[in-house]
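Undergrad: So that you have it, the file is start-v3.txt, and it contains compact mmCIF, C-alpha atoms:
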# COMPACT_ATOMS: atom_id res chain seq x y z
CA MET A 262 0.00 0.00 0.00
CA THR A 263 1.22 3.53 -0.67
CA VAL A 264 0.33 6.97 0.55
CA CYS A 265 1.73 9.52 -1.89
CA TYR A 266 3.11 12.83 -0.75
CA THR A 267 2.24 15.76 -3.03
CA GLY A 268 2.92 19.00 -1.20
CA PRO A 269 3.76 20.78 2.08
CA ARG A 270 2.89 19.03 5.29
CA LEU A 271 2.18 20.19 8.83
CA ALA A 272 5.24 21.45 10.67
CA GLY A 273 5.36 18.61 13.20
CA VAL A 274 5.08 15.98 10.51
CA PHE A 275 7.68 17.76 8.38
CA LEU A 276 10.13 17.73 11.28
CA LEU A 277 9.54 14.01 11.68
CA THR A 278 10.18 13.48 7.99
CA LEU A 279 13.28 15.67 8.14
CA THR A 280 14.50 13.60 11.06
CA GLY A 281 13.92 10.53 8.93
CA LEU A 282 16.03 12.01 6.17
CA LEU A 283 18.80 12.81 8.62
CA LEU A 284 18.67 9.34 10.09
CA GLY A 285 18.50 7.89 6.60
CA GLY A 286 21.85 9.49 5.89
CA CYS A 287 23.38 6.96 8.24
CA ALA A 288 21.97 4.02 6.31
CA GLY A 289 24.35 2.15 4.08
CA THR A 290 24.08 2.49 0.31
CA PRO A 291 26.30 -0.33 -0.96
CA GLN A 292 24.78 -0.53 -4.42
CA SER A 293 25.17 3.19 -5.12
CA ASP A 294 28.69 3.17 -3.70
CA ARG A 295 29.64 0.28 -5.95
CA LEU A 296 28.19 1.92 -9.06
CA LEU A 297 29.96 5.20 -8.41
CA ASP A 298 33.29 3.71 -7.34
CA ALA A 299 33.53 1.28 -10.24
CA PRO A 300 30.90 1.96 -12.93
CA PRO A 301 30.21 -1.24 -14.92
CA ALA A 302 31.74 -1.10 -18.38
CA ASP A 303 28.50 -2.38 -19.94
CA ILE A 304 26.35 0.48 -18.60
CA SER A 305 26.29 3.81 -20.42
CA PRO A 306 27.32 6.66 -18.11
CA ALA A 307 24.14 8.66 -18.74
CA VAL A 308 20.70 7.92 -20.21
CA GLU A 309 17.37 9.74 -20.06
CA LEU A 310 14.11 8.57 -21.62
CA ASN A 311 12.80 12.05 -22.36
CA GLU A 312 9.74 10.80 -24.25
CA VAL A 313 8.21 8.88 -21.34
CA PRO A 314 4.81 10.55 -20.76
CA PHE A 315 4.28 12.47 -17.56
CA HIS A 316 1.10 12.50 -15.48
CA PRO A 317 1.29 14.73 -12.40
CA GLN A 318 -0.44 12.88 -9.64
CA GLU A 319 -3.46 14.03 -7.75
CA ALA A 320 -3.43 13.62 -3.98
CA TYR A 321 -2.49 10.09 -2.92
CA GLN A 322 -2.76 8.74 -6.48
CA CYS A 323 0.84 8.11 -7.46
CA GLY A 324 -0.01 4.47 -8.26
CA PRO A 325 -2.49 5.24 -11.07
CA ALA A 326 -0.24 8.01 -12.40
CA SER A 327 2.87 5.81 -12.46
CA LEU A 328 1.13 2.86 -14.10
CA ALA A 329 -0.42 5.15 -16.71
CA MET A 330 3.04 6.44 -17.61
CA LEU A 331 4.37 2.92 -18.19
CA ALA A 332 1.26 1.90 -20.14
CA ASN A 333 1.38 5.00 -22.35
CA TRP A 334 5.06 4.31 -23.07
CA GLN A 335 3.94 0.93 -24.41
CA ALA A 336 1.28 2.60 -26.58
CA VAL A 337 -1.63 1.63 -24.32
CA ASN A 338 -4.08 4.52 -24.19
CA ILE A 339 -5.09 4.87 -20.55
CA THR A 340 -5.27 7.77 -18.10
CA PRO A 341 -4.65 7.91 -14.36
CA GLN A 342 -8.29 8.89 -13.95
CA ALA A 343 -9.41 5.69 -15.67
CA LEU A 344 -7.11 3.60 -13.48
CA THR A 345 -7.97 5.28 -10.18
CA PRO A 346 -11.24 3.39 -9.48
CA LYS A 347 -9.40 0.11 -10.03
CA LEU A 348 -6.27 0.95 -8.06
CA TYR A 349 -6.98 3.57 -5.44
CA ILE A 350 -8.26 2.44 -2.03
CA PRO A 351 -9.77 5.46 -0.26
CA GLY A 352 -9.55 3.91 3.17
CA LYS A 353 -5.84 3.28 2.68
CA LYS A 354 -5.22 6.50 0.74
CA GLY A 355 -3.12 4.59 -1.74
CA SER A 356 -2.67 1.59 -4.00
CA LEU A 357 -1.53 -1.94 -3.26
CA GLN A 358 1.32 -3.47 -5.23
CA ILE A 359 -0.79 -6.54 -5.99
CA GLU A 360 -3.38 -4.27 -7.63
CA LEU A 361 -0.72 -2.59 -9.74
CA LEU A 362 0.35 -6.02 -10.99
CA SER A 363 -3.18 -7.22 -11.70
CA ASN A 364 -4.17 -4.01 -13.50
CA THR A 365 -1.04 -4.17 -15.63
CA ARG A 366 -2.20 -7.61 -16.77
CA ARG A 367 -5.70 -6.28 -17.48
CA LEU A 368 -4.10 -3.75 -19.82
CA GLY A 369 -2.58 -6.61 -21.82
CA LEU A 370 0.93 -5.92 -20.55
CA ILE A 371 3.16 -8.33 -18.65
CA PRO A 372 4.34 -7.07 -15.25
CA TYR A 373 7.87 -8.25 -14.55
CA LEU A 374 9.41 -7.82 -11.10
CA LEU A 375 13.07 -6.91 -11.31
CA LYS A 376 15.86 -8.30 -9.20
CA PRO A 377 16.52 -5.86 -6.32
CA GLU A 378 19.74 -4.56 -7.82
CA LEU A 379 20.22 -0.91 -8.72
CA ASP A 380 22.46 -1.69 -11.67
CA ASP A 381 19.67 -3.85 -13.15
CA LEU A 382 17.32 -0.86 -12.97
CA LEU A 383 19.85 1.26 -14.82
CA ARG A 384 20.37 -1.43 -17.45
CA GLU A 385 16.63 -1.53 -18.10
CA VAL A 386 16.47 2.25 -18.46
CA GLU A 387 19.42 2.11 -20.84
CA ALA A 388 17.50 -0.50 -22.87
CA GLY A 389 14.53 1.88 -23.14
CA ASN A 390 12.40 0.47 -20.34
CA PRO A 391 11.13 2.93 -17.71
CA VAL A 392 10.93 1.30 -14.29
CA LEU A 393 8.09 1.69 -11.80
CA VAL A 394 9.67 1.87 -8.34
CA PHE A 395 8.27 1.77 -4.82
CA GLN A 396 9.78 4.07 -2.21
CA ASN A 397 9.47 4.93 1.46
CA LEU A 398 10.20 8.65 1.69
CA ALA A 399 10.24 8.74 5.50
CA LEU A 400 11.09 6.24 8.25
CA ASP A 401 10.93 2.48 8.54
CA TRP A 402 8.60 2.83 11.53
CA TYR A 403 6.69 5.83 10.13
CA PRO A 404 6.56 5.14 6.39
CA ARG A 405 5.51 7.52 3.64
CA TRP A 406 4.98 5.21 0.68
CA HIS A 407 5.32 6.46 -2.85
CA TYR A 408 5.40 5.17 -6.44
CA ALA A 409 7.52 6.87 -9.09
CA VAL A 410 8.94 6.06 -12.52
CA LEU A 411 12.70 5.89 -13.05
CA ILE A 412 13.43 7.33 -16.49
CA GLY A 413 17.10 8.30 -16.39
CA TYR A 414 20.44 8.50 -14.62
CA ASP A 415 23.84 10.17 -14.88
CA LEU A 416 26.62 8.31 -13.12
CA ASN A 417 29.14 11.11 -13.64
CA ALA A 418 26.79 13.60 -11.96
CA ASP A 419 25.62 11.08 -9.32
CA GLU A 420 21.97 11.47 -10.33
CA VAL A 421 18.86 9.46 -11.02
CA ILE A 422 15.88 11.06 -12.75
CA LEU A 423 12.30 10.24 -11.77
CA ARG A 424 8.82 11.10 -12.90
CA SER A 425 7.55 11.65 -9.37
CA GLY A 426 4.55 13.40 -7.84
CA VAL A 427 4.11 16.77 -9.54
CA ASN A 428 7.71 16.77 -10.79
CA ARG A 429 8.46 15.78 -14.35
CA ARG A 430 12.18 15.50 -13.54
CA ARG A 431 12.83 14.86 -9.88
CA ILE A 432 16.57 14.54 -9.35
CA ASN A 433 17.98 12.37 -6.56
CA THR A 434 21.52 11.32 -5.87
CA LEU A 435 21.98 7.59 -6.26
CA ALA A 436 22.38 7.25 -2.48
CA GLN A 437 19.19 9.23 -1.78
CA PHE A 438 17.26 7.03 -4.16
CA GLU A 439 18.76 3.82 -2.81
CA ARG A 440 17.79 4.72 0.77
CA THR A 441 14.16 5.38 -0.12
CA TRP A 442 14.05 2.31 -2.34
CA GLN A 443 15.62 -0.09 0.15
CA ARG A 444 13.16 1.08 2.83
CA ALA A 445 10.44 -0.22 0.48
CA ASP A 446 12.19 -3.60 0.02
CA ARG A 447 13.69 -2.63 -3.34
CA TRP A 448 10.48 -3.32 -5.27
CA ALA A 449 10.64 -2.45 -8.98
CA MET A 450 8.50 -3.45 -11.96
CA LEU A 451 8.51 -3.31 -15.75
CA ALA A 452 5.39 -3.36 -17.92
CA LEU A 453 6.35 -5.45 -20.95
CA LYS A 454 4.67 -5.75 -24.30
CA PRO A 455 3.81 -9.42 -24.98
CA GLY A 456 6.83 -10.87 -26.69
CA GLN A 457 9.27 -8.38 -25.14
CA LEU A 458 12.10 -9.68 -22.97
CA PRO A 459 13.69 -7.56 -20.23
CA THR A 460 17.33 -6.86 -20.92
CA THR A 461 18.11 -8.29 -17.44
CA VAL A 462 15.73 -11.23 -17.85
CA GLU A 463 16.01 -14.11 -15.39
CA TYR A 464 14.41 -17.44 -16.21
CA TRP A 465 12.31 -18.04 -13.11
CA ARG A 466 11.16 -14.42 -12.79
CA TYR A 467 10.05 -14.44 -16.41
CA LEU A 468 8.32 -17.81 -16.09
CA ARG A 469 6.37 -16.63 -13.04
CA ALA A 470 5.32 -13.49 -14.93
CA LEU A 471 3.93 -15.56 -17.82
CA SER A 472 2.22 -18.06 -15.53
CA ALA A 473 0.41 -15.18 -13.82
CA MET A 474 -0.87 -14.02 -17.23
CA GLU A 475 -2.36 -17.48 -17.83
CA GLN A 476 -4.08 -17.43 -14.45
CA VAL A 477 -6.06 -14.33 -15.46
CA ASN A 478 -6.92 -15.78 -18.90
CA ARG A 479 -4.58 -13.52 -20.87
CA HIS A 480 -3.60 -16.50 -22.99
CA ALA A 481 -2.70 -14.68 -26.21
CA GLU A 482 -0.30 -12.42 -24.32
CA ALA A 483 1.14 -15.38 -22.43
CA ALA A 484 1.68 -17.29 -25.68
CA ALA A 485 3.60 -14.35 -27.16
CA GLY A 486 5.71 -14.26 -24.01
CA TYR A 487 6.44 -17.99 -24.16
CA ARG A 488 7.54 -17.68 -27.79
CA ALA A 489 9.91 -14.88 -26.85
CA GLY A 490 11.25 -16.96 -23.98
CA LEU A 491 11.93 -19.84 -26.34
CA GLN A 492 14.18 -17.56 -28.37
CA GLN A 493 16.25 -17.13 -25.22
CA TRP A 494 15.95 -20.72 -23.95
CA PRO A 495 15.25 -22.98 -26.98
CA ASP A 496 13.36 -26.22 -26.34
CA ASP A 497 12.88 -25.41 -22.66
CA ALA A 498 10.30 -27.85 -21.29
CA ARG A 499 8.42 -25.42 -19.03
CA LEU A 500 8.18 -22.76 -21.73
CA LEU A 501 6.93 -25.27 -24.28
CA MET A 502 4.40 -26.62 -21.80
CA GLY A 503 3.20 -23.09 -21.10
CA LEU A 504 2.96 -22.27 -24.80
CA GLY A 505 0.95 -25.42 -25.45
CA ASN A 506 -1.37 -24.64 -22.54
CA SER A 507 -1.96 -21.12 -23.86
CA GLN A 508 -2.63 -22.39 -27.37
CA TYR A 509 -5.06 -24.99 -26.04
CA ALA A 510 -6.85 -22.37 -23.93
CA GLN A 511 -7.34 -20.30 -27.09
CA GLY A 512 -8.94 -23.29 -28.83
CA ASN A 513 -5.97 -24.03 -31.06
CA THR A 514 -5.72 -27.74 -30.39
CA SER A 515 -3.55 -28.55 -33.39
CA ALA A 516 -0.98 -25.93 -32.40
CA ALA A 517 -0.93 -27.23 -28.82
CA MET A 518 -0.42 -30.79 -30.08
CA ALA A 519 2.46 -29.68 -32.31
CA THR A 520 4.08 -27.75 -29.42
CA TRP A 521 3.93 -30.67 -27.00
CA GLN A 522 5.20 -33.03 -29.70
CA GLN A 523 8.10 -30.62 -30.26
CA LEU A 524 8.82 -30.87 -26.56
CA LEU A 525 8.84 -34.66 -26.67
CA ASP A 526 11.08 -34.64 -29.72
CA ALA A 527 13.61 -32.71 -27.65
CA GLN A 528 12.93 -34.43 -24.30
CA PRO A 529 11.23 -37.81 -24.87
CA ASP A 530 10.98 -38.57 -21.15
CA TYR A 531 9.04 -35.47 -20.11
CA ALA A 532 5.97 -37.03 -18.49
CA PRO A 533 3.67 -33.94 -18.34
CA ALA A 534 3.83 -33.56 -22.12
CA HIS A 535 2.87 -37.24 -22.58
CA ASN A 536 -0.08 -36.71 -20.27
CA ASN A 537 -1.28 -33.62 -22.13
CA LEU A 538 -0.96 -35.32 -25.49
CA ALA A 539 -2.98 -38.22 -24.13
CA HIS A 540 -5.80 -35.79 -23.38
CA LEU A 541 -5.63 -34.23 -26.84
CA TYR A 542 -5.66 -37.60 -28.60
CA LEU A 543 -8.57 -38.65 -26.40
CA GLU A 544 -10.49 -35.54 -27.44
CA ALA A 545 -9.70 -36.33 -31.06
CA GLY A 546 -10.99 -39.89 -30.65
CA ASN A 547 -7.60 -41.49 -31.23
CA ILE A 548 -7.79 -43.99 -28.37
CA PRO A 549 -4.62 -45.97 -29.20
CA ARG A 550 -2.43 -42.85 -29.24
CA ALA A 551 -4.12 -41.54 -26.09
CA GLU A 552 -3.43 -44.83 -24.28
CA HIS A 553 0.18 -44.88 -25.50
CA HIS A 554 0.95 -41.43 -24.07
CA ALA A 555 -0.99 -42.03 -20.84
CA ARG A 556 0.92 -45.25 -20.18
CA ARG A 557 4.20 -43.54 -21.04
CA ALA A 558 3.50 -40.78 -18.52
CA ILE A 559 2.75 -43.35 -15.81
CA ALA A 560 5.89 -45.31 -16.62
CA LEU A 561 8.03 -42.20 -16.32
CA GLY A 562 6.24 -41.05 -13.16
CA ASP A 563 6.80 -37.92 -11.08
CA GLU A 564 4.89 -35.91 -8.48
CA HIS A 565 1.87 -35.87 -10.83
CA LEU A 566 1.60 -39.65 -11.04
CA GLU A 567 -1.97 -39.76 -9.70
CA ALA A 568 -3.08 -37.31 -12.39
CA TYR A 569 -1.51 -39.54 -15.04
CA ARG A 570 -3.36 -42.56 -13.67
CA GLN A 571 -6.58 -40.58 -13.83
CA THR A 572 -5.86 -39.78 -17.47
CA LEU A 573 -5.43 -43.48 -18.24
CA GLU A 574 -8.67 -44.23 -16.42
CA GLU A 575 -10.46 -41.71 -18.63
CA VAL A 576 -9.00 -43.44 -21.68
CA HIS A 577 -10.28 -46.81 -20.45
CA GLN A 578 -13.73 -45.37 -19.81
CA ARG A 579 -13.84 -44.10 -23.38
CA GLN A 580 -12.77 -47.50 -24.68
CA GLN A 581 -15.68 -49.15 -22.84
CA MET A 582 -18.12 -46.69 -24.37
CA GLU A 583 -17.05 -47.48 -27.91
What would the structure in this file look like if it were written as structure tokens?
TA:
Amino acid sequence: MTVCYTGPRLAGVFLLTLTGLLLGGCAGTPQSDRLLDAPPADISPAVELNEVPFHPQEAYQCGPASLAMLANWQAVNITPQALTPKLYIPGKKGSLQIELLSNTRRLGLIPYLLKPELDDLLREVEAGNPVLVFQNLALDWYPRWHYAVLIGYDLNADEVILRSGVNRRRINTLAQFERTWQRADRWAMLALKPGQLPTTVEYWRYLRALSAMEQVNRHAEAAAGYRAGLQQWPDDARLLMGLGNSQYAQGNTSAAMATWQQLLDAQPDYAPAHNNLAHLYLEAGNIPRAEHHARRAIALGDEHLEAYRQTLEEVHQRQQME
């Protein structure tokens, strides 16, 4: 949940926040220190995505504003005002991270949670991907939550550039940003077009992102994501299974059958693919092929063995009916 700060506050609260900033100066900033002491050779010294749209937030609505900026960057036409009823919780005066993720999926984009490393955020910005970040602008025990969009940095000047609040270009030092970011558990998100890979992509993070798309019935977008993943990890069993599942969910049985057969051509002993093909052959009325794959899945066995036995039972029931 976030409560977004937009303007002057009462004197007592401001003093508390100022105290938090002073105390925050004592917090370690190892990632910033490392980047400034020894800038990675593969990161450009300065990048700014000037064309990222800017939506100044209304009171407490930094979540809708930040998500709208990322969506607009990906050519999705949406406004903060349209997102507010779906994201903003009046009683909390803010937006939950889980709602940001789910609404990104509803827009047909794939939310991808980045590894909590500052240099990964900079690499994504360099690749042209603005990053939605979560910050705590006050104290650990008296938080002031805020969403912003990281759109640039300059390592030589010790700066990061944010679309934040009512500021189109809020400048922080790397250490200032790291302190506010680490107090919010270093949460950062991309909004990917289906078929787009993050430049810092990690297998399991990407797989979880695609699986979540399937769970909300965004099967076409998930399928595009699985195809992109297969360019990075050819013949990967989980990606091929996911692609086949997405194709099947869209009613493209022949494509799903071809995908799972491709998987078995590469990995003949992958039991889940045998089980799924058994179901498809059963639907097609090809009982011998269905029985062959069901028995093969059982023979290979794994934690899904009972499901494979149930598949074979369904095949036998069909045989008795014919």
Undergrad: So, with only C-alpha atoms as the atoms that count, which of A:Gln528, A:Asn333, A:Thr461, A:Asn537 lies closest to Val386 of chain A?
TA: A:Thr461
Undergrad: So which residues touch segment 542-552 of chain A within 10 Å, counting all atoms listed in the file, skipping near sequence neighbours fewer than 5 positions away, as a ChimeraX atom specification?
TA: /A:514,518,535-537,557-558,572-577,579-580,583
Undergrad: Write out as a count of residues only each polymer residue whose atoms come within 10 Å of Leu375 of chain A, counting only C-alpha atoms; drop sequence neighbours fewer than 5 positions from it.
TA: 17
Undergrad: Tell me, as a list in words, which residues lie within 12 Å of Gly426 of chain A, counting all atoms listed in the file; anything in the same chain fewer than 2 positions away does not count.
TA: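 Residues near the query, excluding close chain neighbours: Val264, Cys265, Tyr266, Thr267, Gly268, Phe315, His316, Pro317, Gln318, Glu319, Ala320, Tyr321, Gln322, Cys323, Gly324, Pro325, Ala326, Ser327, Trp406, His407, Tyr408, Ala409, Val410, Leu423, Arg424, Asn428, Arg429, Arg430 and Arg431 of chain A.
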Undergrad: List as a PDB file with C-alpha atoms, in the frame of the given file the residues having at least one atom at most 10 Å from position (2.6, -23.2, -22.9) as given in the file, counting only C-alpha atoms.
TA:
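Written file, selection.pdb:
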ATOM      1  CA  LEU A 471       3.930 -15.560 -17.820  1.00  0.00           C
ATOM      2  CA  SER A 472       2.220 -18.060 -15.530  1.00  0.00           C
ATOM      3  CA  GLU A 475      -2.360 -17.480 -17.830  1.00  0.00           C
ATOM      4  CA  HIS A 480      -3.600 -16.500 -22.990  1.00  0.00           C
ATOM      5  CA  ALA A 483       1.140 -15.380 -22.430  1.00  0.00           C
ATOM      6  CA  ALA A 484       1.680 -17.290 -25.680  1.00  0.00           C
ATOM      7  CA  ALA A 485       3.600 -14.350 -27.160  1.00  0.00           C
ATOM      8  CA  GLY A 486       5.710 -14.260 -24.010  1.00  0.00           C
ATOM      9  CA  TYR A 487       6.440 -17.990 -24.160  1.00  0.00           C
ATOM     10  CA  ARG A 488       7.540 -17.680 -27.790  1.00  0.00           C
ATOM     11  CA  ALA A 498      10.300 -27.850 -21.290  1.00  0.00           C
ATOM     12  CA  ARG A 499       8.420 -25.420 -19.030  1.00  0.00           C
ATOM     13  CA  LEU A 500       8.180 -22.760 -21.730  1.00  0.00           C
ATOM     14  CA  LEU A 501       6.930 -25.270 -24.280  1.00  0.00           C
ATOM     15  CA  MET A 502       4.400 -26.620 -21.800  1.00  0.00           C
ATOM     16  CA  GLY A 503       3.200 -23.090 -21.100  1.00  0.00           C
ATOM     17  CA  LEU A 504       2.960 -22.270 -24.800  1.00  0.00           C
ATOM     18  CA  GLY A 505       0.950 -25.420 -25.450  1.00  0.00           C
ATOM     19  CA  ASN A 506      -1.370 -24.640 -22.540  1.00  0.00           C
ATOM     20  CA  SER A 507      -1.960 -21.120 -23.860  1.00  0.00           C
ATOM     21  CA  GLN A 508      -2.630 -22.390 -27.370  1.00  0.00           C
ATOM     22  CA  TYR A 509      -5.060 -24.990 -26.040  1.00  0.00           C
ATOM     23  CA  ALA A 510      -6.850 -22.370 -23.930  1.00  0.00           C
ATOM     24  CA  ALA A 517      -0.930 -27.230 -28.820  1.00  0.00           C
ATOM     25  CA  THR A 520       4.080 -27.750 -29.420  1.00  0.00           C
ATOM     26  CA  TRP A 521       3.930 -30.670 -27.000  1.00  0.00           C
TER      27      TRP A 521
END
Undergrad: How many Å separate atom CA of Ala329 of chain A from atom CA of Pro341 of chain A?
TA: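 Atom-to-atom, atom CA of Ala329 of chain A to atom CA of Pro341 of chain A, that is 5.6 Å.
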Undergrad: Just checking: using all atoms listed in the file, which residue out of A:Glu387, A:Glu439, A:Asp563, A:Asp446 ends up closest to Leu310 of chain A?
TA: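 Result for the nearest residue to Leu310 of chain A: A:Glu387.
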Undergrad: Can you work out which one of A:Gly289, A:Pro351, A:Gln457, A:Leu368 has the shortest atom-to-atom distance to Phe438 of chain A, counting all atoms listed in the file?
TA: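 Between A:Gly289, A:Pro351, A:Gln457, A:Leu368, the residue approaching Phe438 of chain A most closely is A:Gly289.
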Undergrad: Find the residue from A:Val337, A:Leu361, A:Leu453, A:Leu416 that sits nearest to Pro391 of chain A; use all atoms listed in the file when measuring.
TA: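 Answer, going by the shortest atom-to-atom distance: A:Leu453.
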Undergrad: Nearest residue to Ala489 of chain A out of A:Pro372, A:Pro455, A:Gly512, A:Pro346, using all atoms listed in the file?
TA: A:Pro455
